[in-house]
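Data from model21.cif: mmCIF, C-alpha atoms
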```cif
data_upload
#
loop_
_atom_site.label_atom_id
_atom_site.label_comp_id
_atom_site.auth_asym_id
_atom_site.auth_seq_id
_atom_site.Cartn_x
_atom_site.Cartn_y
_atom_site.Cartn_z
CA MET A 1 -52.29 -0.77 -20.96
CA SER A 2 -48.84 0.67 -21.75
CA ALA A 3 -46.95 0.33 -24.98
CA GLN A 4 -43.54 -1.30 -24.99
CA VAL A 5 -40.85 -0.10 -27.33
CA HIS A 6 -37.83 -2.28 -27.92
CA VAL A 7 -34.58 -0.53 -28.76
CA PRO A 8 -33.56 -3.07 -31.46
CA SER A 9 -36.82 -2.39 -33.32
CA LEU A 10 -36.15 1.35 -33.15
CA LEU A 11 -32.66 0.83 -34.51
CA SER A 12 -33.80 -1.34 -37.39
CA ARG A 13 -36.46 1.19 -38.44
CA ALA A 14 -34.63 4.44 -37.84
CA GLY A 15 -31.01 3.46 -38.28
CA THR A 16 -29.89 5.65 -35.36
CA VAL A 17 -31.39 6.57 -32.02
CA SER A 18 -30.44 9.50 -29.84
CA ALA A 19 -29.23 9.01 -26.28
CA LEU A 20 -32.35 10.84 -25.07
CA THR A 21 -34.57 8.33 -26.90
CA LEU A 22 -32.67 5.44 -25.35
CA VAL A 23 -33.17 6.87 -21.87
CA ALA A 24 -36.86 7.42 -22.56
CA VAL A 25 -37.40 3.78 -23.52
CA GLY A 26 -35.07 2.32 -20.89
CA GLY A 27 -32.24 1.41 -23.25
CA THR A 28 -28.54 1.38 -22.58
CA LEU A 29 -26.04 3.55 -24.37
CA VAL A 30 -22.51 2.28 -24.75
CA ALA A 31 -20.08 4.70 -26.29
CA PRO A 32 -17.31 3.31 -28.47
CA GLY A 33 -14.26 2.86 -26.28
CA GLY A 34 -16.36 3.40 -23.15
CA THR A 35 -16.40 1.02 -20.21
CA SER A 36 -19.28 -0.32 -18.21
CA GLN A 37 -19.53 0.28 -14.47
CA ALA A 38 -18.69 -3.40 -13.90
CA GLN A 39 -15.56 -3.13 -16.04
CA ALA A 40 -14.50 0.06 -14.25
CA ALA A 41 -15.08 -1.54 -10.83
CA SER A 42 -13.11 -4.61 -11.90
CA ALA A 43 -10.21 -2.42 -13.05
CA VAL A 44 -10.17 -0.61 -9.70
CA ALA A 45 -10.26 -3.94 -7.80
CA THR A 46 -7.43 -5.34 -9.95
CA LYS A 47 -5.32 -2.25 -9.27
CA ALA A 48 -6.02 -2.50 -5.52
CA VAL A 49 -4.75 -6.10 -5.53
CA LYS A 50 -1.59 -5.02 -7.35
CA VAL A 51 -1.00 -2.16 -4.92
CA ALA A 52 -1.39 -4.52 -1.93
CA ALA A 53 1.01 -6.99 -3.58
CA SER A 54 3.56 -4.21 -4.06
CA LYS A 55 3.60 -3.73 -0.28
CA GLN A 56 4.68 -7.32 0.40
CA GLY A 57 7.16 -7.35 3.27
CA SER A 58 6.05 -4.01 4.75
CA PRO A 59 5.86 -4.26 8.54
CA TYR A 60 2.60 -4.44 10.46
CA ARG A 61 2.03 -1.46 12.74
CA TRP A 62 -1.25 -0.90 14.55
CA GLY A 63 -3.02 2.20 13.21
CA ALA A 64 -0.70 2.56 10.21
CA THR A 65 -2.09 3.37 6.75
CA GLY A 66 1.14 3.33 4.76
CA PRO A 67 3.06 3.91 2.73
CA ASN A 68 5.74 1.99 4.64
CA SER A 69 3.78 0.13 7.34
CA PHE A 70 0.19 -0.98 7.75
CA ASP A 71 -2.41 -2.55 9.95
CA CYS A 72 -5.02 -4.74 8.22
CA SER A 73 -7.59 -2.06 7.42
CA GLY A 74 -4.81 0.44 6.73
CA LEU A 75 -3.60 -1.80 3.89
CA THR A 76 -7.06 -1.95 2.33
CA VAL A 77 -7.54 1.82 2.71
CA TYR A 78 -4.15 2.49 1.11
CA SER A 79 -4.58 -0.03 -1.72
CA TYR A 80 -8.02 1.20 -2.72
CA LYS A 81 -7.02 4.87 -2.39
CA LYS A 82 -4.16 4.27 -4.84
CA ALA A 83 -6.69 2.53 -7.12
CA GLY A 84 -9.01 5.56 -6.97
CA LYS A 85 -11.58 4.59 -4.32
CA SER A 86 -11.92 5.76 -0.76
CA LEU A 87 -12.77 3.38 2.09
CA PRO A 88 -13.64 4.07 5.72
CA ARG A 89 -10.78 3.53 8.18
CA THR A 90 -11.81 0.54 10.32
CA THR A 91 -12.54 -3.07 9.41
CA GLN A 92 -16.15 -2.94 10.64
CA GLN A 93 -16.79 0.37 8.85
CA GLN A 94 -15.37 -1.15 5.66
CA TYR A 95 -17.65 -4.17 5.99
CA ASN A 96 -20.64 -1.87 6.51
CA SER A 97 -19.76 0.15 3.40
CA THR A 98 -19.32 -2.74 0.94
CA ARG A 99 -21.82 -4.72 -1.11
CA HIS A 100 -21.88 -8.14 0.53
CA VAL A 101 -21.30 -11.11 -1.78
CA SER A 102 -21.23 -14.86 -1.23
CA ALA A 103 -18.08 -16.97 -1.42
CA ALA A 104 -19.42 -18.41 -4.68
CA HIS A 105 -19.52 -14.91 -6.21
CA ARG A 106 -16.29 -13.48 -4.78
CA ARG A 107 -13.84 -11.86 -7.19
CA LYS A 108 -10.27 -10.62 -7.03
CA GLY A 109 -10.22 -7.34 -5.17
CA ASP A 110 -13.19 -8.13 -2.92
CA LEU A 111 -12.53 -7.52 0.75
CA VAL A 112 -12.41 -10.60 2.98
CA PHE A 113 -13.66 -10.05 6.52
CA PHE A 114 -12.86 -12.33 9.43
CA HIS A 115 -15.51 -12.09 12.10
CA SER A 116 -16.71 -13.30 15.46
CA ASP A 117 -20.06 -12.74 17.16
CA GLY A 118 -21.27 -10.55 14.28
CA TYR A 119 -18.27 -8.22 14.44
CA ALA A 120 -15.63 -7.95 11.70
CA TYR A 121 -12.18 -7.81 13.30
CA HIS A 122 -9.72 -8.44 10.42
CA VAL A 123 -9.72 -7.66 6.69
CA GLY A 124 -7.68 -8.56 3.63
CA ILE A 125 -7.97 -8.20 -0.15
CA TYR A 126 -8.98 -11.30 -2.09
CA ALA A 127 -6.22 -12.25 -4.54
CA GLY A 128 -7.92 -15.27 -6.11
CA HIS A 129 -7.38 -19.00 -5.59
CA GLY A 130 -8.42 -18.83 -1.93
CA ARG A 131 -5.69 -16.32 -0.99
CA ILE A 132 -5.60 -12.81 0.46
CA TRP A 133 -3.14 -9.97 0.76
CA HIS A 134 -3.19 -8.76 4.35
CA ALA A 135 -1.25 -7.28 7.23
CA PRO A 136 -1.75 -10.01 9.84
CA LYS A 137 -0.49 -8.85 13.25
CA THR A 138 2.25 -7.20 15.27
CA GLY A 139 5.63 -8.70 14.43
CA SER A 140 4.57 -9.78 10.92
CA THR A 141 4.64 -8.22 7.47
CA VAL A 142 2.21 -7.74 4.59
CA ARG A 143 1.91 -11.07 2.84
CA LEU A 144 -0.10 -13.33 0.56
CA GLU A 145 -1.72 -16.11 2.53
CA ARG A 146 -4.35 -18.80 2.10
CA ILE A 147 -7.68 -18.04 3.76
CA TRP A 148 -7.51 -20.32 6.79
CA THR A 149 -11.24 -20.55 7.59
CA LYS A 150 -14.54 -20.71 5.75
CA ASN A 151 -16.01 -18.41 8.39
CA VAL A 152 -15.45 -15.18 6.46
CA TRP A 153 -17.61 -12.53 4.85
CA TYR A 154 -16.93 -10.95 1.46
CA GLY A 155 -17.59 -7.36 0.51
CA ARG A 156 -17.29 -5.70 -2.89
CA VAL A 157 -16.12 -2.10 -3.05
CA ALA A 158 -18.58 -0.09 -5.14
#
```
Write the structure described by the file as structure tokens, please.
Amino acid sequence: MSAQVHVPSLLSRAGTVSALTLVAVGGTLVAPGGTSQAQAASAVATKAVKVAASKQGSPYRWGATGPNSFDCSGLTVYSYKKAGKSLPRTTQQQYNSTRHVSAAHRRKGDLVFFHSDGYAYHVGIYAGHGRIWHAPKTGSTVRLERIWTKNVWYGRVA
């Protein structure tokens, strides 16, 4: 039989607890002014959305990763790089490298993957309210557009 130690009981008896003690008992240490991993990830995702939005009107060019023209995965690579995260180059590689989430749990900044026969062929950045920033195709420009199908996958950049 193992003994359980609850951090709140340690705090009430001792007044303070060292970080080492917290780790030993499975507690969490939050430094004043510090941010959680979820908050940091959310900040990166928010910045990636803003970067993509700033590229509105940039022309689509196959294989382009910015800063003046983009293909779909090039826009996501560029936006996340400017936000401080690196992504693989192709749509399928990006899908493989993200944490997959359901539509019910999607958040701004998640990647939206359009797919067919188990293969992701197009990607955009979720902007909220059922819309994505993306570089659609030759002859078009980076734009905000409604997601036109429910047949998409979502991936969260870690």
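The gap separating CA of Ser140 in chain A from CA of Ser69 in chain A is 10.6 Å, in Å to one decimal.
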Would you mind reading off the distance between CA of Arg99 in chain A and CA of Ile132 in chain A, one decimal, in Å?
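Here the two named atoms are 18.2 Å from each other.
The shortest atom-to-atom distance to Pro136 in chain A, with all atoms listed in the file taken into account, belongs to A:Gly74 out of A:Gly118, A:Pro67, A:Gly74, A:Gly155.
Taking only C-alpha atoms into account, Leu111 in chain A lies nearest to A:Cys72 out of the set A:Ala64, A:Val142, A:Cys72, A:Ala53.
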To test your reading of the syntax: which residues would the PyMOL selection byres ((chain A and resi 45) around 10) return for the file shown? Reply as a PDB file with C-alpha atoms, in the frame of the given file.
```pdb
ATOM      1  CA  GLN A  39     -15.560  -3.130 -16.040  1.00  0.00           C
ATOM      2  CA  ALA A  40     -14.500   0.060 -14.250  1.00  0.00           C
ATOM      3  CA  ALA A  41     -15.080  -1.540 -10.830  1.00  0.00           C
ATOM      4  CA  SER A  42     -13.110  -4.610 -11.900  1.00  0.00           C
ATOM      5  CA  ALA A  43     -10.210  -2.420 -13.050  1.00  0.00           C
ATOM      6  CA  VAL A  44     -10.170  -0.610  -9.700  1.00  0.00           C
ATOM      7  CA  THR A  46      -7.430  -5.340  -9.950  1.00  0.00           C
ATOM      8  CA  LYS A  47      -5.320  -2.250  -9.270  1.00  0.00           C
ATOM      9  CA  ALA A  48      -6.020  -2.500  -5.520  1.00  0.00           C
ATOM     10  CA  VAL A  49      -4.750  -6.100  -5.530  1.00  0.00           C
ATOM     11  CA  LYS A  50      -1.590  -5.020  -7.350  1.00  0.00           C
ATOM     12  CA  VAL A  51      -1.000  -2.160  -4.920  1.00  0.00           C
ATOM     13  CA  SER A  79      -4.580  -0.030  -1.720  1.00  0.00           C
ATOM     14  CA  TYR A  80      -8.020   1.200  -2.720  1.00  0.00           C
ATOM     15  CA  ALA A  83      -6.690   2.530  -7.120  1.00  0.00           C
ATOM     16  CA  GLY A  84      -9.010   5.560  -6.970  1.00  0.00           C
ATOM     17  CA  LYS A  85     -11.580   4.590  -4.320  1.00  0.00           C
ATOM     18  CA  ARG A 107     -13.840 -11.860  -7.190  1.00  0.00           C
ATOM     19  CA  LYS A 108     -10.270 -10.620  -7.030  1.00  0.00           C
ATOM     20  CA  GLY A 109     -10.220  -7.340  -5.170  1.00  0.00           C
ATOM     21  CA  ASP A 110     -13.190  -8.130  -2.920  1.00  0.00           C
ATOM     22  CA  LEU A 111     -12.530  -7.520   0.750  1.00  0.00           C
ATOM     23  CA  ILE A 125      -7.970  -8.200  -0.150  1.00  0.00           C
ATOM     24  CA  TYR A 126      -8.980 -11.300  -2.090  1.00  0.00           C
ATOM     25  CA  ALA A 127      -6.220 -12.250  -4.540  1.00  0.00           C
ATOM     26  CA  ARG A 156     -17.290  -5.700  -2.890  1.00  0.00           C
ATOM     27  CA  VAL A 157     -16.120  -2.100  -3.050  1.00  0.00           C
ATOM     28  CA  ALA A 158     -18.580  -0.090  -5.140  1.00  0.00           C
TER      29      ALA A 158
END
```
Test item: residues at most 9 Å from His122 in chain A, all atoms listed in the file, excluding those fewer than 3 positions along its chain, as a PyMOL selection string
chain A and resi 72-73+91-92+112-115+134+136
Next, dump the selected residues to file, keeping only C-alpha atoms, as a compact mmCIF listing (two decimals), in the coordinates of the input.
```
# COMPACT_ATOMS: atom_id res chain seq x y z
CA CYS A 72 -5.02 -4.74 8.22
CA SER A 73 -7.59 -2.06 7.42
CA THR A 91 -12.54 -3.07 9.41
CA GLN A 92 -16.15 -2.94 10.64
CA VAL A 112 -12.41 -10.60 2.98
CA PHE A 113 -13.66 -10.05 6.52
CA PHE A 114 -12.86 -12.33 9.43
CA HIS A 115 -15.51 -12.09 12.10
CA HIS A 134 -3.19 -8.76 4.35
CA PRO A 136 -1.75 -10.01 9.84
```
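Distance-wise, CA of Ser54 in chain A and CA of Ile147 in chain A end up 19.5 Å apart.
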For Gln94 in chain A, the nearest of the candidates A:Lys82, A:Trp153, A:Gln56, A:Glu145, counting only C-alpha atoms
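Checking each candidate against Gln94 in chain A, we get A:Trp153 as the closest.
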Name every residue that the PyMOL selection byres ((chain A and resi 102) around 10) selects in this structure, writing the answer as a PyMOL selection string with chains first and numbers rising.
chain A and resi 100-101+103-107+152-155
Please determine, counting only C-alpha atoms, which residue among A:Trp133, A:Tyr121, A:Tyr95, A:Tyr78 has the shortest atom-to-atom distance to Gly66 in chain A.
A:Tyr78
Quick one: axis-aligned box around all listed atoms of range 61-70 of chain A, 6 Å on every side, centre and edge lengths in Å to one decimal, written as JSON.
```
{"center_x": 1.4, "center_y": 1.2, "center_z": 8.6, "size_x": 20.8, "size_y": 17.4, "size_z": 23.8}
```
Compare A:Ser58, A:Thr90, A:Thr76, A:Gln37 by their minimum atom-to-atom distance to Thr138 in chain A, counting all atoms listed in the file, and give me the closest one.
A:Ser58
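Nearest residue to Asp117 in chain A among A:Ala135, A:His129, A:Asn151, A:Arg143 is A:Asn151, counting all atoms listed in the file.
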